[in-house]
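This is input_9.cif. It holds mmCIF, C-alpha atoms; chains and numbers go by the auth columns.
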data_protein
loop_
_atom_site.group_PDB
_atom_site.id
_atom_site.type_symbol
_atom_site.label_atom_id
_atom_site.label_comp_id
_atom_site.label_asym_id
_atom_site.label_seq_id
_atom_site.Cartn_x
_atom_site.Cartn_y
_atom_site.Cartn_z
_atom_site.B_iso_or_equiv
_atom_site.auth_seq_id
_atom_site.auth_asym_id
ATOM 1 C CA MET A 1 34.567 9.404 8.925 0.00 1 A
ATOM 2 C CA PRO A 2 33.172 8.560 5.455 0.00 2 A
ATOM 3 C CA LEU A 3 30.005 10.361 4.426 0.00 3 A
ATOM 4 C CA PRO A 4 26.880 8.226 4.159 0.00 4 A
ATOM 5 C CA SER A 5 25.822 6.800 0.842 0.00 5 A
ATOM 6 C CA LYS A 6 22.668 4.931 -0.069 0.00 6 A
ATOM 7 C CA ILE A 7 21.595 4.849 3.571 0.00 7 A
ATOM 8 C CA ILE A 8 18.188 3.427 2.681 0.00 8 A
ATOM 9 C CA GLU A 9 18.978 1.537 -0.509 0.00 9 A
ATOM 10 C CA ALA A 10 21.883 -0.473 0.923 0.00 10 A
ATOM 11 C CA PRO A 11 20.001 -2.012 3.895 0.00 11 A
ATOM 12 C CA LEU A 12 17.064 -2.762 1.579 0.00 12 A
ATOM 13 C CA ARG A 13 19.352 -4.608 -0.826 0.00 13 A
ATOM 14 C CA LEU A 14 20.805 -6.522 2.134 0.00 14 A
ATOM 15 C CA LEU A 15 17.373 -7.637 3.363 0.00 15 A
ATOM 16 C CA GLY A 16 16.401 -8.583 -0.177 0.00 16 A
ATOM 17 C CA GLU A 17 19.591 -10.517 -0.784 0.00 17 A
ATOM 18 C CA TYR A 18 19.147 -12.574 2.389 0.00 18 A
ATOM 19 C CA LYS A 19 15.414 -13.070 1.702 0.00 19 A
ATOM 20 C CA VAL A 20 14.423 -11.678 5.096 0.00 20 A
ATOM 21 C CA ASP A 21 10.657 -11.668 5.634 0.00 21 A
ATOM 22 C CA CYS A 22 9.820 -8.154 6.767 0.00 22 A
ATOM 23 C CA VAL A 23 7.515 -5.204 6.196 0.00 23 A
ATOM 24 C CA ILE A 24 8.903 -1.711 5.585 0.00 24 A
ATOM 25 C CA VAL A 25 7.400 0.638 8.172 0.00 25 A
ATOM 26 C CA GLY A 26 8.135 4.142 9.511 0.00 26 A
ATOM 27 C CA GLY A 27 9.482 7.052 7.496 0.00 27 A
ATOM 28 C CA VAL A 28 10.591 4.959 4.515 0.00 28 A
ATOM 29 C CA ALA A 29 7.095 3.467 4.233 0.00 29 A
ATOM 30 C CA ALA A 30 5.762 7.035 4.360 0.00 30 A
ATOM 31 C CA ALA A 31 8.154 7.997 1.549 0.00 31 A
ATOM 32 C CA VAL A 32 7.015 5.031 -0.552 0.00 32 A
ATOM 33 C CA HIS A 33 3.441 6.275 -0.109 0.00 33 A
ATOM 34 C CA GLY A 34 4.520 9.700 -1.373 0.00 34 A
ATOM 35 C CA SER A 35 5.336 11.657 1.789 0.00 35 A
ATOM 36 C CA SER A 36 7.901 14.420 1.346 0.00 36 A
ATOM 37 C CA LEU A 37 9.208 14.237 4.925 0.00 37 A
ATOM 38 C CA LEU A 38 12.808 13.186 5.447 0.00 38 A
ATOM 39 C CA THR A 39 13.935 10.171 7.413 0.00 39 A
ATOM 40 C CA SER A 40 17.465 8.977 8.022 0.00 40 A
ATOM 41 C CA ASP A 41 17.121 5.270 8.652 0.00 41 A
ATOM 42 C CA LEU A 42 15.187 2.206 7.636 0.00 42 A
ATOM 43 C CA ASP A 43 12.640 0.638 9.991 0.00 43 A
ATOM 44 C CA VAL A 44 11.276 -2.823 9.287 0.00 44 A
ATOM 45 C CA CYS A 45 8.957 -5.138 11.187 0.00 45 A
ATOM 46 C CA TYR A 46 10.375 -8.657 10.857 0.00 46 A
ATOM 47 C CA ALA A 47 8.923 -12.168 11.045 0.00 47 A
ATOM 48 C CA ARG A 48 10.020 -14.012 14.173 0.00 48 A
ATOM 49 C CA ASP A 49 10.016 -17.600 12.945 0.00 49 A
ATOM 50 C CA ALA A 50 13.275 -19.499 13.440 0.00 50 A
ATOM 51 C CA ALA A 51 14.253 -19.639 9.760 0.00 51 A
ATOM 52 C CA ASN A 52 13.773 -15.903 9.300 0.00 52 A
ATOM 53 C CA LEU A 53 15.717 -15.046 12.463 0.00 53 A
ATOM 54 C CA LEU A 54 18.586 -17.124 11.111 0.00 54 A
ATOM 55 C CA ARG A 55 18.557 -15.300 7.755 0.00 55 A
ATOM 56 C CA LEU A 56 18.283 -11.954 9.517 0.00 56 A
ATOM 57 C CA ALA A 57 21.198 -12.713 11.842 0.00 57 A
ATOM 58 C CA GLU A 58 23.358 -13.768 8.875 0.00 58 A
ATOM 59 C CA ALA A 59 22.455 -10.593 7.002 0.00 59 A
ATOM 60 C CA LEU A 60 23.339 -8.426 10.003 0.00 60 A
ATOM 61 C CA GLN A 61 26.604 -10.275 10.645 0.00 61 A
ATOM 62 C CA SER A 62 27.670 -9.723 7.031 0.00 62 A
ATOM 63 C CA VAL A 63 27.668 -5.928 7.553 0.00 63 A
ATOM 64 C CA HIS A 64 29.082 -6.025 11.092 0.00 64 A
ATOM 65 C CA ALA A 65 25.885 -4.713 12.663 0.00 65 A
ATOM 66 C CA ARG A 66 26.189 -3.550 16.246 0.00 66 A
ATOM 67 C CA LEU A 67 23.792 -1.938 18.700 0.00 67 A
ATOM 68 C CA ARG A 68 23.480 1.781 18.104 0.00 68 A
ATOM 69 C CA ASN A 69 24.456 4.025 21.023 0.00 69 A
ATOM 70 C CA ALA A 70 25.341 1.050 23.208 0.00 70 A
ATOM 71 C CA PRO A 71 28.168 1.540 25.698 0.00 71 A
ATOM 72 C CA GLU A 72 31.574 0.522 24.346 0.00 72 A
ATOM 73 C CA GLY A 73 32.391 -3.042 25.327 0.00 73 A
ATOM 74 C CA LEU A 74 28.818 -4.073 26.051 0.00 74 A
ATOM 75 C CA PRO A 75 28.725 -7.819 25.427 0.00 75 A
ATOM 76 C CA PHE A 76 26.392 -8.575 22.548 0.00 76 A
ATOM 77 C CA VAL A 77 26.317 -11.719 20.455 0.00 77 A
ATOM 78 C CA LEU A 78 24.532 -11.138 17.173 0.00 78 A
ATOM 79 C CA ASP A 79 22.801 -14.404 16.349 0.00 79 A
ATOM 80 C CA ALA A 80 19.316 -15.823 15.877 0.00 80 A
ATOM 81 C CA GLU A 81 19.075 -16.704 19.584 0.00 81 A
ATOM 82 C CA THR A 82 19.721 -13.094 20.639 0.00 82 A
ATOM 83 C CA LEU A 83 17.142 -11.832 18.137 0.00 83 A
ATOM 84 C CA LYS A 84 14.664 -14.367 19.505 0.00 84 A
ATOM 85 C CA ARG A 85 15.214 -13.185 23.087 0.00 85 A
ATOM 86 C CA GLY A 86 14.738 -9.521 22.200 0.00 86 A
ATOM 87 C CA LEU A 87 12.046 -7.739 20.239 0.00 87 A
ATOM 88 C CA ASN A 88 13.022 -4.289 18.974 0.00 88 A
ATOM 89 C CA PHE A 89 16.631 -3.496 18.051 0.00 89 A
ATOM 90 C CA THR A 90 18.390 -0.395 16.756 0.00 90 A
ATOM 91 C CA PHE A 91 21.520 -1.256 14.799 0.00 91 A
ATOM 92 C CA THR A 92 24.253 0.648 13.081 0.00 92 A
ATOM 93 C CA SER A 93 26.410 -1.147 10.529 0.00 93 A
ATOM 94 C CA ASP A 94 28.946 -0.798 7.719 0.00 94 A
ATOM 95 C CA ILE A 95 26.101 0.229 5.386 0.00 95 A
ATOM 96 C CA GLY A 96 24.035 2.466 7.677 0.00 96 A
ATOM 97 C CA ASP A 97 21.413 2.248 10.368 0.00 97 A
ATOM 98 C CA LEU A 98 18.653 -0.319 10.517 0.00 98 A
ATOM 99 C CA ASP A 99 15.872 -0.516 13.082 0.00 99 A
ATOM 100 C CA LEU A 100 14.231 -3.893 13.570 0.00 100 A
ATOM 101 C CA LEU A 101 10.805 -3.976 15.142 0.00 101 A
ATOM 102 C CA GLY A 102 9.253 -7.182 16.404 0.00 102 A
ATOM 103 C CA GLU A 103 6.117 -5.216 17.104 0.00 103 A
ATOM 104 C CA VAL A 104 4.724 -1.933 15.799 0.00 104 A
ATOM 105 C CA ARG A 105 2.870 0.047 18.433 0.00 105 A
ATOM 106 C CA GLY A 106 -0.782 0.506 17.522 0.00 106 A
ATOM 107 C CA VAL A 107 -0.716 -2.326 14.960 0.00 107 A
ATOM 108 C CA GLY A 108 0.964 -5.449 16.339 0.00 108 A
ATOM 109 C CA HIS A 109 3.443 -8.094 15.237 0.00 109 A
ATOM 110 C CA TYR A 110 4.651 -8.961 11.722 0.00 110 A
ATOM 111 C CA GLU A 111 1.552 -10.946 10.781 0.00 111 A
ATOM 112 C CA ALA A 112 -0.759 -8.031 11.644 0.00 112 A
ATOM 113 C CA VAL A 113 1.507 -5.493 9.949 0.00 113 A
ATOM 114 C CA LEU A 114 1.668 -7.628 6.796 0.00 114 A
ATOM 115 C CA ILE A 115 -2.118 -7.655 6.283 0.00 115 A
ATOM 116 C CA ASN A 116 -3.126 -5.279 3.434 0.00 116 A
ATOM 117 C CA SER A 117 0.492 -4.239 2.923 0.00 117 A
ATOM 118 C CA LEU A 118 1.572 -3.048 -0.525 0.00 118 A
ATOM 119 C CA THR A 119 4.024 -5.165 -2.484 0.00 119 A
ATOM 120 C CA VAL A 120 6.564 -2.993 -4.275 0.00 120 A
ATOM 121 C CA GLU A 121 9.676 -3.792 -6.232 0.00 121 A
ATOM 122 C CA LEU A 122 12.737 -1.949 -4.998 0.00 122 A
ATOM 123 C CA PHE A 123 16.241 -2.479 -6.373 0.00 123 A
ATOM 124 C CA GLY A 124 15.313 -5.825 -7.877 0.00 124 A
ATOM 125 C CA TYR A 125 13.620 -7.272 -4.783 0.00 125 A
ATOM 126 C CA LYS A 126 9.971 -7.446 -3.771 0.00 126 A
ATOM 127 C CA PHE A 127 9.138 -5.797 -0.448 0.00 127 A
ATOM 128 C CA ALA A 128 6.012 -5.479 1.639 0.00 128 A
ATOM 129 C CA VAL A 129 5.283 -1.886 2.651 0.00 129 A
ATOM 130 C CA MET A 130 2.912 -1.109 5.494 0.00 130 A
ATOM 131 C CA ASP A 131 -0.555 -0.039 4.418 0.00 131 A
ATOM 132 C CA ILE A 132 -0.981 3.748 4.693 0.00 132 A
ATOM 133 C CA GLY A 133 -4.002 3.431 7.021 0.00 133 A
ATOM 134 C CA LYS A 134 -1.954 1.319 9.445 0.00 134 A
ATOM 135 C CA LEU A 135 0.981 3.665 9.096 0.00 135 A
ATOM 136 C CA ILE A 136 -1.267 6.502 10.275 0.00 136 A
ATOM 137 C CA LEU A 137 -2.423 4.362 13.233 0.00 137 A
ATOM 138 C CA ALA A 138 1.193 3.546 14.115 0.00 138 A
ATOM 139 C CA LYS A 139 2.292 7.191 13.909 0.00 139 A
ATOM 140 C CA ARG A 140 -0.604 8.233 16.146 0.00 140 A
ATOM 141 C CA ALA A 141 0.212 5.473 18.635 0.00 141 A
ATOM 142 C CA ALA A 142 3.932 6.351 18.691 0.00 142 A
ATOM 143 C CA GLY A 143 2.935 9.941 19.462 0.00 143 A
ATOM 144 C CA ARG A 144 6.413 11.470 19.277 0.00 144 A
ATOM 145 C CA PRO A 145 6.600 14.980 17.783 0.00 145 A
ATOM 146 C CA LYS A 146 8.231 13.667 14.586 0.00 146 A
ATOM 147 C CA ASP A 147 5.457 11.074 14.182 0.00 147 A
ATOM 148 C CA LEU A 148 2.704 13.623 14.727 0.00 148 A
ATOM 149 C CA LEU A 149 4.379 15.957 12.235 0.00 149 A
ATOM 150 C CA ALA A 150 4.077 13.271 9.554 0.00 150 A
ATOM 151 C CA LEU A 151 0.333 12.801 10.089 0.00 151 A
ATOM 152 C CA PRO A 152 -1.252 15.716 8.164 0.00 152 A
ATOM 153 C CA GLU A 153 0.454 14.799 4.887 0.00 153 A
ATOM 154 C CA LEU A 154 -0.167 11.042 5.281 0.00 154 A
ATOM 155 C CA GLU A 155 -3.820 11.683 6.083 0.00 155 A
ATOM 156 C CA ALA A 156 -4.097 13.901 3.010 0.00 156 A
ATOM 157 C CA ILE A 157 -2.600 11.189 0.766 0.00 157 A
ATOM 158 C CA TYR A 158 -4.815 8.512 2.330 0.00 158 A
ATOM 159 C CA GLU A 159 -7.924 10.606 1.898 0.00 159 A
ATOM 160 C CA ALA A 160 -7.030 11.512 -1.688 0.00 160 A
ATOM 161 C CA GLN A 161 -6.560 7.828 -2.562 0.00 161 A
ATOM 162 C CA ARG A 162 -9.829 6.797 -0.930 0.00 162 A
ATOM 163 C CA SER A 163 -11.947 9.585 -2.293 0.00 163 A
ATOM 164 C CA THR A 164 -10.753 9.074 -5.853 0.00 164 A
ATOM 165 C CA GLN A 165 -11.305 5.288 -5.566 0.00 165 A
ATOM 166 C CA ASP A 166 -14.946 5.905 -4.648 0.00 166 A
ATOM 167 C CA ASP A 167 -15.607 7.880 -7.858 0.00 167 A
ATOM 168 C CA MET B 1 -6.568 7.956 -11.163 0.00 1 B
ATOM 169 C CA ARG B 2 -3.267 9.792 -10.578 0.00 2 B
ATOM 170 C CA ALA B 3 -4.651 12.897 -12.253 0.00 3 B
ATOM 171 C CA ARG B 4 -7.683 12.827 -9.944 0.00 4 B
ATOM 172 C CA ILE B 5 -5.463 12.455 -6.858 0.00 5 B
ATOM 173 C CA GLU B 6 -3.367 15.409 -8.025 0.00 6 B
ATOM 174 C CA GLU B 7 -6.472 17.484 -8.627 0.00 7 B
ATOM 175 C CA TYR B 8 -7.762 16.540 -5.172 0.00 8 B
ATOM 176 C CA LEU B 9 -4.511 17.577 -3.495 0.00 9 B
ATOM 177 C CA LEU B 10 -4.196 20.804 -5.495 0.00 10 B
ATOM 178 C CA ASN B 11 -7.768 21.876 -4.811 0.00 11 B
ATOM 179 C CA PRO B 12 -8.719 20.149 -1.567 0.00 12 B
ATOM 180 C CA PRO B 13 -12.373 20.358 -0.529 0.00 13 B
ATOM 181 C CA ALA B 14 -13.011 22.535 2.517 0.00 14 B
ATOM 182 C CA GLY B 15 -12.733 20.578 5.764 0.00 15 B
ATOM 183 C CA SER B 16 -10.798 17.723 4.130 0.00 16 B
ATOM 184 C CA ALA B 17 -7.564 16.214 5.471 0.00 17 B
ATOM 185 C CA ALA B 18 -5.743 17.746 2.505 0.00 18 B
ATOM 186 C CA ALA B 19 -7.120 21.200 3.376 0.00 19 B
ATOM 187 C CA ARG B 20 -6.001 20.683 6.990 0.00 20 B
ATOM 188 C CA ALA B 21 -2.525 19.648 5.778 0.00 21 B
ATOM 189 C CA VAL B 22 -2.210 22.850 3.733 0.00 22 B
ATOM 190 C CA GLU B 23 -3.365 24.862 6.738 0.00 23 B
ATOM 191 C CA PHE B 24 -0.760 23.017 8.833 0.00 24 B
ATOM 192 C CA GLY B 25 1.932 24.208 6.415 0.00 25 B
ATOM 193 C CA ILE B 26 2.467 21.143 4.241 0.00 26 B
ATOM 194 C CA ASP B 27 3.357 21.965 0.644 0.00 27 B
ATOM 195 C CA LEU B 28 1.263 19.384 -1.175 0.00 28 B
ATOM 196 C CA THR B 29 2.908 20.244 -4.510 0.00 29 B
ATOM 197 C CA LEU B 30 5.957 18.382 -3.132 0.00 30 B
ATOM 198 C CA THR B 31 3.717 15.434 -2.325 0.00 31 B
ATOM 199 C CA ILE B 32 2.324 15.494 -5.863 0.00 32 B
ATOM 200 C CA GLU B 33 5.870 15.565 -7.228 0.00 33 B
ATOM 201 C CA ASN B 34 6.646 12.432 -5.186 0.00 34 B
ATOM 202 C CA LEU B 35 3.497 10.670 -6.304 0.00 35 B
ATOM 203 C CA ARG B 36 4.625 11.084 -9.921 0.00 36 B
ATOM 204 C CA LEU B 37 7.747 9.006 -9.145 0.00 37 B
ATOM 205 C CA THR B 38 7.967 5.230 -8.859 0.00 38 B
ATOM 206 C CA PRO B 39 8.492 3.846 -5.319 0.00 39 B
ATOM 207 C CA GLU B 40 12.137 3.132 -6.145 0.00 40 B
ATOM 208 C CA GLU B 41 12.635 6.681 -7.430 0.00 41 B
ATOM 209 C CA ARG B 42 11.133 7.978 -4.170 0.00 42 B
ATOM 210 C CA ILE B 43 13.732 6.009 -2.175 0.00 43 B
ATOM 211 C CA ARG B 44 16.556 7.215 -4.436 0.00 44 B
ATOM 212 C CA LYS B 45 15.389 10.800 -3.930 0.00 45 B
ATOM 213 C CA LEU B 46 15.316 10.266 -0.159 0.00 46 B
ATOM 214 C CA ASP B 47 18.858 8.839 -0.211 0.00 47 B
ATOM 215 C CA SER B 48 20.022 11.759 -2.295 0.00 48 B
ATOM 216 C CA PHE B 49 18.560 14.231 0.253 0.00 49 B
ATOM 217 C CA ILE B 50 20.243 12.407 3.142 0.00 50 B
ATOM 218 C CA GLU B 51 23.595 12.546 1.328 0.00 51 B
ATOM 219 C CA SER B 52 23.183 16.253 0.572 0.00 52 B
ATOM 220 C CA VAL B 53 22.402 17.047 4.208 0.00 53 B
ATOM 221 C CA ALA B 54 25.439 15.036 5.355 0.00 54 B
ATOM 222 C CA HIS B 55 27.691 16.895 2.878 0.00 55 B
ATOM 223 C CA LEU B 56 26.362 20.246 4.079 0.00 56 B
ATOM 224 C CA LYS B 57 26.906 19.322 7.730 0.00 57 B
ATOM 225 C CA ASN B 58 30.386 18.072 6.940 0.00 58 B
ATOM 226 C CA SER B 59 31.434 21.181 5.012 0.00 59 B
ATOM 227 C CA SER B 60 30.106 23.576 7.659 0.00 60 B
ATOM 228 C CA ARG B 61 31.995 21.590 10.320 0.00 61 B
ATOM 229 C CA LEU B 62 35.231 21.766 8.309 0.00 62 B
ATOM 230 C CA LYS B 63 34.957 25.503 7.624 0.00 63 B
ATOM 231 C CA GLY B 64 33.697 26.531 11.032 0.00 64 B
ATOM 232 C CA PRO B 65 30.992 29.134 11.552 0.00 65 B
ATOM 233 C CA ALA B 66 33.183 32.249 10.983 0.00 66 B
ATOM 234 C CA ASN B 67 34.645 31.142 7.642 0.00 67 B
ATOM 235 C CA ALA B 68 31.347 29.733 6.455 0.00 68 B
ATOM 236 C CA THR B 69 29.695 33.115 7.056 0.00 69 B
ATOM 237 C CA ALA B 70 32.541 34.997 5.337 0.00 70 B
ATOM 238 C CA GLU B 71 32.265 32.810 2.262 0.00 71 B
ATOM 239 C CA GLN B 72 28.529 33.298 2.125 0.00 72 B
ATOM 240 C CA ASP B 73 29.056 37.059 1.851 0.00 73 B
ATOM 241 C CA HIS B 74 30.919 36.724 -1.470 0.00 74 B
#
Kindly transcribe the structure held in the file into structure tokens.
Amino acid sequence: MPLPSKIIEAPLRLLGEYKVDCVIVGGVAAAVHGSSLLTSDLDVCYARDAANLLRLAEALQSVHARLRNAPEGLPFVLDAETLKRGLNFTFTSDIGDLDLLGEVRGVGHYEAVLINSLTVELFGYKFAVMDIGKLILAKRAAGRPKDLLALPELEAIYEAQRSTQDD
Amino acid sequence: MRARIEEYLLNPPAGSAAARAVEFGIDLTLTIENLRLTPEERIRKLDSFIESVAHLKNSSRLKGPANATAEQDH
């Protein structure tokens, strides 16, 4: 099995190339904010309008995305209709893993996640990255050990940014 | 502003979130190092870590635990 390469960069380039409306959330958002914790996949919260679902489905088809850890032979048609019927999906693909969230626990859907997000340029494309305050809310709401582990550092960064802004 | 953030994280006020993070075991010098990078550099660094971990896992699997230990001794 080939070793992974550009596990985060490649899916980002894909989403940028297909102009998918999404917000980077999870561990990669934490890394963009400066966190030193490791993550091994990209999580994005995506817009659920018809045009975006179509672009997203085309992007996923182009890298042969399939459900991660799904039983072999499970029937799954990857198209905009399937994305519309579901909400959160975990995919693996030719270029790595990609988690698509229709809703982020503790924050809400794409429109809510997008508010106050940072716009950053990555690999030639502009991306929205979840605001660090909301990221902290989402990590608290998710409540898994790995989320809770990320909190002290994120809270320190958030506090440092706020306290130096007030000066 | 970056210099003030670095100063804040290096010398966190008592009772602050940064002080709690240090107490928790977070090495904030690594955080400061990340904050000096651009967002794209942070992602590249993350990718590089993921690749290194995968290479390590792969080489230890190929060698097996006994050989890996023997090679470490040299």
Query raised in the report: If the PyMOL selection byres ((chain B) within 7 of (chain A)) is run on the structure shown, which residues does it catch, given as a list in words?
Result: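 That selection, the PyMOL selection byres ((chain B) within 7 of (chain A)), comes back as Met1, Arg4, Ile5, Tyr8, Leu9, Ala17, Ala18, Arg20, Ala21, Ile26, Leu30, Thr31, Asn34, Leu35, Pro39, Glu40, Arg42, Ile43, Leu46, Asp47, Ile50, Glu51 and Ala54 of chain B.
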Write out, as a short mmCIF file (atom, residue, chain, number, x, y, z; two decimals), keeping the file's coordinate frame, the residues just selected, with C-alpha atoms.
data_model
loop_
_atom_site.label_atom_id
_atom_site.label_comp_id
_atom_site.auth_asym_id
_atom_site.auth_seq_id
_atom_site.Cartn_x
_atom_site.Cartn_y
_atom_site.Cartn_z
CA MET B 1 -6.57 7.96 -11.16
CA ARG B 4 -7.68 12.83 -9.94
CA ILE B 5 -5.46 12.46 -6.86
CA TYR B 8 -7.76 16.54 -5.17
CA LEU B 9 -4.51 17.58 -3.50
CA ALA B 17 -7.56 16.21 5.47
CA ALA B 18 -5.74 17.75 2.50
CA ARG B 20 -6.00 20.68 6.99
CA ALA B 21 -2.52 19.65 5.78
CA ILE B 26 2.47 21.14 4.24
CA LEU B 30 5.96 18.38 -3.13
CA THR B 31 3.72 15.43 -2.33
CA ASN B 34 6.65 12.43 -5.19
CA LEU B 35 3.50 10.67 -6.30
CA PRO B 39 8.49 3.85 -5.32
CA GLU B 40 12.14 3.13 -6.14
CA ARG B 42 11.13 7.98 -4.17
CA ILE B 43 13.73 6.01 -2.17
CA LEU B 46 15.32 10.27 -0.16
CA ASP B 47 18.86 8.84 -0.21
CA ILE B 50 20.24 12.41 3.14
CA GLU B 51 23.60 12.55 1.33
CA ALA B 54 25.44 15.04 5.36
#
Requested in this report: One decimal, Å: what's the distance from atom CA of Phe49 of chain B over to atom CA of Tyr125 of chain A, could you say?
Outcome: 22.6 Å
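Interatomic distance, atom CA of Arg55 of chain A to atom CA of Glu41 of chain B: 27.4 Å.
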Report task. Run the PyMOL selection byres ((chain A and resi 63-65) around 9) mentally over the shown coordinates, then write out the matched residues as a PyMOL selection string, using the chain letters and numbers from the document. Result -> chain A and resi 14+59-62+66-68+78+91-98
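What separates atom CA of Ser52 of chain B from atom CA of Leu37 of chain B is a distance of 19.6 Å.
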Mind giving me the axis-aligned box for segment 140-143 of chain A with 8 Å on every side, centre plus edges in Å to one decimal, as AutoDock Vina command-line options?
--center_x 1.7 --center_y 7.7 --center_z 17.8 --size_x 20.5 --size_y 20.5 --size_z 19.3
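Nearest-residue note for Ser117 of chain A: choosing from A:Val25, A:Ala57, A:Ala142, A:Asn88, the minimum distance belongs to A:Val25, counting all atoms listed in the file.
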Requested in this report: Taking the file above as input, evaluate the PyMOL selection byres ((chain A and resi 47) around 6) and report the hits as a PyMOL selection string.
Outcome: chain A and resi 21-22+46+48-49+110
